$ cat entry36.cif   # mmCIF, C-alpha atoms
data_work
loop_
_atom_site.label_atom_id
_atom_site.label_comp_id
_atom_site.auth_asym_id
_atom_site.auth_seq_id
_atom_site.Cartn_x
_atom_site.Cartn_y
_atom_site.Cartn_z
CA MET J 1 50.45 58.69 30.26
CA LYS J 2 52.12 57.51 27.06
CA ASN J 3 52.30 61.07 25.80
CA LYS J 4 53.89 62.16 29.05
CA LYS J 5 56.54 59.46 28.74
CA ILE J 6 57.40 60.51 25.20
CA LEU J 7 57.57 64.14 26.30
CA ALA J 8 59.87 63.24 29.20
CA THR J 9 62.18 61.25 26.91
CA CYS J 10 62.32 64.11 24.42
CA LEU J 11 63.12 66.58 27.19
CA LEU J 12 65.84 64.37 28.60
CA THR J 13 67.42 63.93 25.16
CA MET J 14 67.35 67.66 24.62
CA ILE J 15 69.00 68.32 27.97
CA ILE J 16 71.70 65.74 27.32
CA SER J 17 72.49 67.05 23.87
CA ALA J 18 72.43 70.63 25.13
CA GLY J 19 74.95 69.62 27.80
CA CYS J 20 77.29 68.42 25.09
CA ALA J 21 76.86 71.41 22.80
CA GLN J 22 80.21 72.83 21.75
CA LYS J 23 81.15 76.43 22.00
CA SER J 24 84.48 77.95 21.13
CA VAL J 25 86.49 79.39 23.98
CA VAL J 26 89.66 81.46 23.68
CA ARG J 27 92.31 81.16 26.34
CA TYR J 28 95.93 82.14 26.77
CA GLY J 29 98.20 79.13 27.12
CA ASP J 30 101.75 78.41 28.14
CA ALA J 31 104.04 79.08 25.15
CA THR J 32 106.57 76.58 26.48
CA ALA J 33 104.05 73.78 27.11
CA VAL J 34 104.20 70.49 25.24
CA GLU J 35 101.95 70.74 22.22
CA THR J 36 100.51 67.61 20.59
CA THR J 37 97.78 68.95 18.32
CA ASP J 38 98.93 66.94 15.34
CA ILE J 39 101.93 65.00 14.14
CA ASN J 40 103.55 67.80 12.10
CA PHE J 41 106.60 69.74 13.18
CA GLY J 42 105.39 71.94 16.04
CA SER J 43 106.48 74.44 18.65
CA THR J 44 107.66 71.75 21.08
CA ASP J 45 109.91 70.25 18.40
CA LEU J 46 111.36 73.64 17.58
CA GLN J 47 112.03 74.43 21.24
CA LYS J 48 113.46 70.99 21.92
CA VAL J 49 115.83 71.19 18.94
CA ALA J 50 116.97 74.71 19.85
CA ALA J 51 117.51 73.89 23.53
CA GLU J 52 119.37 70.64 22.92
CA MET J 53 121.62 71.99 20.18
CA THR J 54 122.53 75.09 22.20
CA ASP J 55 123.30 72.98 25.29
CA SER J 56 125.43 70.62 23.24
CA LEU J 57 127.37 73.43 21.56
CA LEU J 58 127.99 75.29 24.81
CA LEU J 59 129.24 72.15 26.56
CA SER J 60 131.52 70.92 23.82
CA PRO J 61 135.22 70.94 24.85
CA VAL J 62 136.28 72.38 21.49
CA VAL J 63 133.93 75.30 21.96
CA GLY J 64 135.25 75.65 25.52
CA THR J 65 138.75 76.21 24.16
CA MET J 66 137.45 78.43 21.37
CA THR J 67 135.49 80.70 23.72
CA ASN J 68 138.02 80.75 26.56
CA ASN J 69 139.31 84.32 26.13
CA ASN J 70 137.43 85.17 23.01
CA ARG J 71 133.90 85.47 21.70
CA PRO J 72 134.04 83.89 18.24
CA ILE J 73 132.07 85.57 15.46
CA VAL J 74 129.61 83.24 13.78
CA PHE J 75 127.31 83.55 10.82
CA VAL J 76 124.32 81.33 10.37
CA GLU J 77 124.11 79.94 6.88
CA ARG J 78 120.85 78.02 6.94
CA ILE J 79 119.20 74.80 7.93
CA LYS J 80 118.24 72.91 4.81
CA ASN J 81 114.72 71.57 5.04
CA LYS J 82 114.81 68.10 3.50
CA THR J 83 111.49 67.00 4.92
CA SER J 84 108.26 66.80 2.97
CA GLU J 85 106.69 69.45 5.19
CA HIS J 86 106.88 73.19 4.95
CA ILE J 87 108.99 74.17 7.96
CA ASP J 88 110.30 77.63 8.67
CA THR J 89 113.90 76.62 9.39
CA GLU J 90 114.93 80.24 9.80
CA SER J 91 112.86 80.20 12.96
CA ILE J 92 114.98 77.29 14.27
CA THR J 93 118.24 79.07 13.47
CA ASP J 94 116.86 82.27 15.00
CA SER J 95 116.16 80.43 18.26
CA ILE J 96 119.58 78.79 18.28
CA SER J 97 121.49 81.97 17.46
CA THR J 98 119.51 83.99 20.02
CA ARG J 99 120.32 81.46 22.74
CA LEU J 100 123.99 81.37 21.76
CA LEU J 101 124.21 85.14 21.67
CA ARG J 102 122.52 85.47 25.06
CA SER J 103 124.90 82.92 26.58
CA GLY J 104 127.62 85.54 26.17
CA LYS J 105 129.95 83.08 24.47
CA PHE J 106 129.45 83.97 20.82
CA ARG J 107 128.90 86.97 18.59
CA PHE J 108 126.97 86.90 15.34
CA VAL J 109 126.89 88.71 12.04
CA ASP J 110 123.53 88.72 10.32
CA MET J 111 123.78 88.03 6.61
CA THR J 112 120.05 88.52 6.10
CA ARG J 113 120.34 92.26 6.84
CA VAL J 114 123.43 93.11 4.77
CA ASP J 115 121.43 95.05 2.18
CA ALA J 116 119.68 97.12 4.83
CA ALA J 117 123.01 97.87 6.54
CA ARG J 118 124.57 98.85 3.22
CA ALA J 119 121.65 101.14 2.43
CA GLN J 120 122.02 102.82 5.82
CA ILE J 121 125.78 103.40 5.40
CA GLU J 122 125.22 104.69 1.86
CA PHE J 123 122.63 107.09 3.24
CA GLN J 124 125.09 108.31 5.87
CA GLN J 125 127.86 108.71 3.30
CA ASP J 126 126.02 110.09 0.29
CA SER J 127 122.83 111.85 1.36
CA GLY J 128 124.60 114.91 2.75
CA MET J 129 122.31 114.82 5.80
CA VAL J 130 124.71 113.16 8.24
CA ASP J 131 127.73 114.84 9.85
CA PRO J 132 130.65 113.41 7.79
CA SER J 133 132.88 113.15 10.86
CA LYS J 134 130.35 110.87 12.57
CA ALA J 135 129.10 108.92 9.54
CA MET J 136 129.75 105.17 9.47
CA GLN J 137 132.46 104.17 7.04
CA PHE J 138 132.50 101.27 4.61
CA GLY J 139 135.06 98.56 5.14
CA GLN J 140 135.09 98.53 8.92
CA GLN J 141 132.83 95.61 9.72
CA VAL J 142 134.22 92.45 11.22
CA GLY J 143 133.94 89.22 9.31
CA ALA J 144 132.66 85.90 10.64
CA GLU J 145 135.17 83.27 11.75
CA TYR J 146 132.74 80.38 11.87
CA MET J 147 129.73 79.21 9.90
CA LEU J 148 126.76 77.42 11.45
CA TYR J 149 124.69 75.25 9.12
CA GLY J 150 122.67 72.09 9.13
CA ASN J 151 120.01 69.79 7.79
CA LEU J 152 116.57 68.75 8.90
CA SER J 153 115.31 65.51 7.46
CA SER J 154 112.37 63.26 8.19
CA ILE J 155 111.10 59.75 7.66
CA VAL J 156 107.33 59.41 7.60
CA LYS J 157 105.48 56.12 7.74
CA SER J 158 101.86 55.36 8.25
CA ASN J 159 99.24 52.69 7.98
CA LYS J 160 95.54 52.87 8.64
CA ASP J 161 95.88 52.82 12.42
CA LYS J 162 99.16 54.53 13.05
CA SER J 163 101.35 57.36 11.76
CA ASP J 164 104.97 57.71 12.68
CA VAL J 165 107.29 60.59 11.94
CA TYR J 166 110.97 60.72 12.72
CA TYR J 167 112.94 63.96 12.47
CA LYS J 168 116.70 64.18 12.44
CA PHE J 169 118.30 67.53 12.91
CA THR J 170 122.02 67.86 12.20
CA ILE J 171 123.99 71.00 12.85
CA ARG J 172 127.65 71.83 12.21
CA LEU J 173 130.10 74.59 12.99
CA MET J 174 132.79 75.16 10.36
CA ASP J 175 135.98 77.14 10.84
CA LEU J 176 135.97 79.43 7.80
CA LYS J 177 139.74 79.88 7.84
CA SER J 178 140.67 76.22 7.71
CA GLY J 179 137.43 74.74 6.41
CA LEU J 180 137.43 72.24 9.27
CA VAL J 181 134.18 71.22 10.88
CA GLU J 182 134.96 71.99 14.51
CA TRP J 183 131.75 70.73 16.04
CA ALA J 184 128.70 68.77 14.98
CA ASP J 185 125.74 67.25 16.70
CA GLU J 186 122.39 65.78 15.87
CA THR J 187 119.14 65.35 17.69
CA GLU J 188 116.23 63.10 16.92
CA ILE J 189 112.51 63.38 17.49
CA ARG J 190 109.96 60.61 17.11
CA LYS J 191 106.24 61.27 17.11
CA THR J 192 103.49 58.74 16.64
CA ARG J 193 99.78 59.10 16.25
CA THR J 194 97.56 56.18 17.11
CA LYS J 195 93.83 55.95 17.31
CA GLN J 196 92.71 55.93 20.89
CA SER J 197 89.25 55.02 22.04
CA VAL J 198 87.78 57.89 23.95
CA GLY J 199 85.48 57.09 26.80
CA TRP J 200 83.80 58.82 29.66
CA MET M 1 57.58 54.25 41.73
CA ASN M 2 56.58 57.40 43.44
CA ALA M 3 57.17 60.92 42.15
CA ILE M 4 60.14 61.63 44.42
CA ALA M 5 62.02 58.54 43.28
CA LYS M 6 61.36 59.47 39.65
CA ALA M 7 62.63 62.98 40.22
CA ILE M 8 65.80 61.65 41.84
CA VAL M 9 66.45 59.25 38.94
CA ILE M 10 65.90 61.93 36.31
CA SER M 11 67.99 64.55 38.06
CA SER M 12 70.86 62.13 38.60
CA VAL M 13 70.77 61.08 34.93
CA VAL M 14 70.82 64.73 33.88
CA ALA M 15 73.66 65.48 36.30
CA LEU M 16 75.68 62.52 35.02
CA SER M 17 75.11 63.41 31.41
CA LEU M 18 76.13 67.02 31.96
CA GLN M 19 79.24 65.98 33.85
CA ALA M 20 80.27 63.54 31.15
CA CYS M 21 80.59 66.36 28.64
CA GLN M 22 82.98 68.40 30.72
CA THR M 23 86.67 67.63 30.41
CA PRO M 24 88.24 67.83 33.84
CA PRO M 25 91.33 70.05 34.05
CA PRO M 26 94.48 67.97 33.49
CA ILE M 27 96.81 67.00 36.31
CA THR M 28 99.73 69.40 36.07
CA SER M 29 101.38 68.89 39.45
CA GLY M 30 104.47 66.76 39.65
CA ILE M 31 107.71 66.24 41.47
CA GLY M 32 110.93 68.17 41.35
CA ALA M 33 114.35 68.94 42.73
CA GLU M 34 115.92 72.28 43.51
CA SER M 35 119.29 73.49 44.60
CA LEU M 36 119.64 76.33 47.06
CA THR M 37 122.84 78.32 46.95
CA ASN M 38 122.06 80.62 49.85
CA GLU M 39 122.72 77.76 52.26
CA ILE M 40 126.18 76.62 53.20
CA PRO M 41 127.02 74.03 51.99
CA PRO M 42 124.68 74.30 48.96
CA ALA M 43 121.91 71.76 49.35
CA THR M 44 119.52 70.02 47.02
CA TYR M 45 115.92 69.42 48.00
CA LEU M 46 113.34 67.16 46.50
CA LYS M 47 109.83 68.50 46.12
CA VAL M 48 106.72 66.35 45.94
CA ASP M 49 103.48 67.99 44.86
CA ASN M 50 101.93 64.89 43.35
CA PRO M 51 102.25 61.91 45.72
CA GLU M 52 100.80 59.46 43.18
CA LEU M 53 103.50 60.39 40.67
CA ALA M 54 106.17 60.27 43.40
CA GLU M 55 105.29 56.63 44.01
CA LEU M 56 106.04 55.83 40.37
CA LEU M 57 109.17 57.92 39.91
CA THR M 58 112.41 58.41 41.78
CA ILE M 59 114.71 61.38 41.36
CA SER M 60 118.24 60.66 42.52
CA ASP M 61 121.84 61.77 42.03
CA VAL M 62 121.12 65.43 41.48
CA LYS M 63 124.57 66.62 40.49
CA ASN M 64 125.88 69.88 39.18
CA ARG M 65 129.21 71.23 38.01
CA LEU M 66 130.69 74.10 36.07
CA ASN M 67 131.41 73.29 32.46
CA ASN M 68 132.86 76.00 30.17
CA GLY M 69 131.84 78.46 32.91
CA LEU M 70 128.20 77.36 32.77
CA LEU M 71 126.27 75.42 35.38
CA GLU M 72 125.54 71.92 34.12
CA VAL M 73 122.99 69.72 35.87
CA ASN M 74 122.51 65.99 35.68
CA THR M 75 119.78 64.14 37.52
CA GLU M 76 118.82 60.52 37.44
CA LEU M 77 115.15 59.76 36.88
CA SER M 78 113.98 56.19 37.33
CA SER M 79 110.60 54.58 36.99
CA GLN M 80 109.21 52.27 39.65
CA TYR M 81 106.29 51.36 37.44
CA GLU M 82 105.94 48.47 35.03
CA LYS M 83 104.20 50.42 32.28
CA SER M 84 105.38 53.33 30.17
CA LEU M 85 104.97 56.81 31.56
CA LYS M 86 104.49 59.86 29.39
CA LEU M 87 106.06 62.80 31.15
CA GLN M 88 107.37 66.28 30.58
CA TYR M 89 110.14 68.13 32.37
CA GLN M 90 111.49 71.62 32.66
CA PHE M 91 114.62 73.23 34.08
CA GLN M 92 114.65 76.71 35.54
CA TRP M 93 117.70 78.76 36.47
CA PHE M 94 118.40 81.33 39.16
CA ASP M 95 121.22 83.74 39.91
CA PRO M 96 122.89 83.97 43.37
CA GLU M 97 120.25 86.45 44.58
CA GLY M 98 117.49 84.04 43.58
CA PHE M 99 116.30 85.98 40.51
CA ALA M 100 115.18 83.86 37.58
CA VAL M 101 117.65 83.75 34.70
CA GLU M 102 116.08 83.79 31.22
CA ALA M 103 112.69 83.11 32.81
CA GLY M 104 110.22 81.32 30.60
CA LYS M 105 112.76 80.54 27.87
CA ARG M 106 113.27 76.93 28.77
CA PRO M 107 110.57 74.72 27.22
CA TRP M 108 108.76 71.80 28.77
CA GLN M 109 110.31 68.79 27.11
CA PRO M 110 108.39 65.61 26.40
CA LEU M 111 109.78 62.38 27.78
CA GLU M 112 108.66 58.78 27.53
CA LEU M 113 109.92 56.56 30.29
CA HIS M 114 109.47 52.82 29.77
CA GLY M 115 108.75 50.39 32.59
CA PHE M 116 111.47 50.56 35.28
CA GLN M 117 113.67 52.55 32.93
CA SER M 118 116.19 54.95 34.33
CA ILE M 119 117.50 57.95 32.41
CA SER M 120 119.58 61.06 32.95
CA LEU M 121 118.04 64.47 32.53
CA GLN M 122 120.69 66.96 31.57
CA ALA M 123 120.67 70.66 31.00
CA VAL M 124 123.03 73.61 30.85
CA ALA M 125 122.41 77.05 32.22
CA PRO M 126 121.70 79.66 29.53
CA ASN M 127 124.51 81.91 30.77
CA SER M 128 127.15 82.22 33.47
CA ARG M 129 124.93 84.18 35.86
CA ALA M 130 122.88 81.08 36.75
CA LYS M 131 124.10 79.52 39.97
CA SER M 132 121.14 77.42 41.11
CA PHE M 133 118.37 75.52 39.40
CA LYS M 134 115.04 73.78 39.67
CA VAL M 135 113.89 70.77 37.72
CA TYR M 136 110.25 69.76 37.64
CA ILE M 137 108.66 66.62 36.21
CA ARG M 138 104.94 66.24 35.63
CA PRO M 139 102.67 63.92 33.68
CA MET M 140 101.95 64.80 30.07
CA SER M 141 98.82 66.84 30.66
CA SER M 142 96.38 64.27 29.48
CA ASN M 143 93.40 62.77 31.16
CA ALA M 144 94.43 59.41 29.80
CA TYR M 145 96.88 59.18 32.68
CA LYS M 146 95.07 58.58 35.88
CA PHE M 147 97.36 57.01 38.39
#
$ encode --input "entry36.cif" --output "structure tokens"
Amino acid sequence: MKNKKILATCLLTMIISAGCAQKSVVRYGDATAVETTDINFGSTDLQKVAAEMTDSLLLSPVVGTMTNNNRPIVFVERIKNKTSEHIDTESITDSISTRLLRSGKFRFVDMTRVDAARAQIEFQQDSGMVDPSKAMQFGQQVGAEYMLYGNLSSIVKSNKDKSDVYYKFTIRLMDLKSGLVEWADETEIRKTRTKQSVGW
Amino acid sequence: MNAIAKAIVISSVVALSLQACQTPPPITSGIGAESLTNEIPPATYLKVDNPELAELLTISDVKNRLNNGLLEVNTELSSQYEKSLKLQYQFQWFDPEGFAVEAGKRPWQPLELHGFQSISLQAVAPNSRAKSFKVYIRPMSSNAYKF
């Protein structure tokens, strides 16, 4: 009888632990869903910053006047990453410029592809393979009227129970002719991580 | 204790222990508001998919206007609950024929609403084609929030 009891207990333990065994499962998720895997800068932060900054820029009265009968040409300088993390800020500016471009209010010149564009025009001009009457000419591109730039900074604090990170994202639009900053806005994000007791 | 009783006890323990290891799918239904432009005059409807959440939250003053040629929406969200609520919300946009504008581009945005706090949710349409909208609010998909 004692042996049987021990056997039963062992079996039960095995079943319970087998029930809790972990296996990895791959699933497709919602790319726009709120993501809280860890406290670092994540996809939700990027999307939030891009959406809020675009909304703010499109609603600003100055931009309303600027874009009334005209689609201003903008170039994106860069977002300076002043945080302690490695953050791909080009991805933030890509999202913002894509949204602005798709709003139909702005046009962009892309400074990151100048060399490739120059190489292509040189090819058309010099290679002898392109019909000279249809080849693109140098000196006909349109220059940017405005420059978009900004900063991303963070304050990180933590103790043994809690971590807190605060991001501040500032973005500005400068009129290249006058040097005036025509529009600026900032958005803040606070994330905290606390230890939570997990129960059944 | 007879054999049947023992079997019942063991099987219920096993069932319980197996169940405890499974994470139930999170609650992702919520409440929302939508404007319909195919009705005259244009009307706004509230939508309740999650009655428990609807008891804790009130959506009011769903307003919209044109700003710089773009549809701007402002809705008031107020908590009827004494504790903090962790929520997320999303706006969607539609053209006059009811086709989604820039579908899937608008992220779910996290939102913490303190006890009895009231805030404005604001958004701007991605372009001038958008003439109607939907806004949806749901709990942060976590099992920690059982209402």
$ closest_residue --input "entry36.cif" --among "J:Lys177, J:Lys168, J:Lys191, J:Arg78" --to "chain M" --atoms "all atoms listed in the file"
J:Lys191
$ atom_distance --input "entry36.cif" --atom1 "atom CA of Pro96 of chain M" --atom2 "atom CA of Leu121 of chain M"
22.8 Å
$ residues_around --input "entry36.cif" --residues "Arg65 of chain M" --least-positions-apart "5" --cutoff "10 Å" --atoms "all atoms listed in the file" --output "PyMOL selection string"
chain M and resi 70-74+124+131
$ resolve_selection --input "entry36.cif" --expression "the PyMOL selection byres ((chain M and resi 135) around 7)" --output "PyMOL selection string"
chain M and resi 32-34+90-92+133-134+136-137
$ closest_residue --input "entry36.cif" --among "J:Val25, J:Ile92, J:Met129, J:Leu101" --to "chain M" --atoms "only C-alpha atoms"
J:Leu101
$ atom_distance --input "entry36.cif" --atom1 "atom CA of Glu97 of chain M" --atom2 "atom CA of Thr44 of chain M"
16.6 Å
$ closest_residue --input "entry36.cif" --among "M:Ile119, M:Leu46, M:Leu66, M:Leu56" --to "chain J" --atoms "all atoms listed in the file"
M:Leu66
$ resolve_selection --input "entry36.cif" --expression "the PyMOL selection byres ((chain M and resi 68) around 8)" --output "ChimeraX atom specification"
/J:58-59,61,64,68 /M:66-67,69-70
$ closest_residue --input "entry36.cif" --among "M:Leu53, M:Ser84, M:Ser79, M:Lys6" --to "Lys5 of chain J" --atoms "only C-alpha atoms"
M:Lys6
$ atom_distance --input "entry36.cif" --atom1 "atom CA of Ala144 of chain J" --atom2 "atom CA of Val74 of chain J"
5.1 Å
$ closest_residue --input "entry36.cif" --among "J:Arg190, J:Lys157, J:Lys23, J:Lys80" --to "Thr93 of chain J" --atoms "all atoms listed in the file"
J:Lys80
$ residues_near_point --input "entry36.cif" --point "(104.6, 56.4, 32.6)" --cutoff "8 Å" --atoms "all atoms listed in the file" --output "ChimeraX atom specification"
/M:56,79,81,83-87,112-115,139
$ closest_residue --input "entry36.cif" --among "M:Arg129, M:Ile59, M:Phe94, M:Gln117" --to "chain J" --atoms "all atoms listed in the file"
M:Arg129
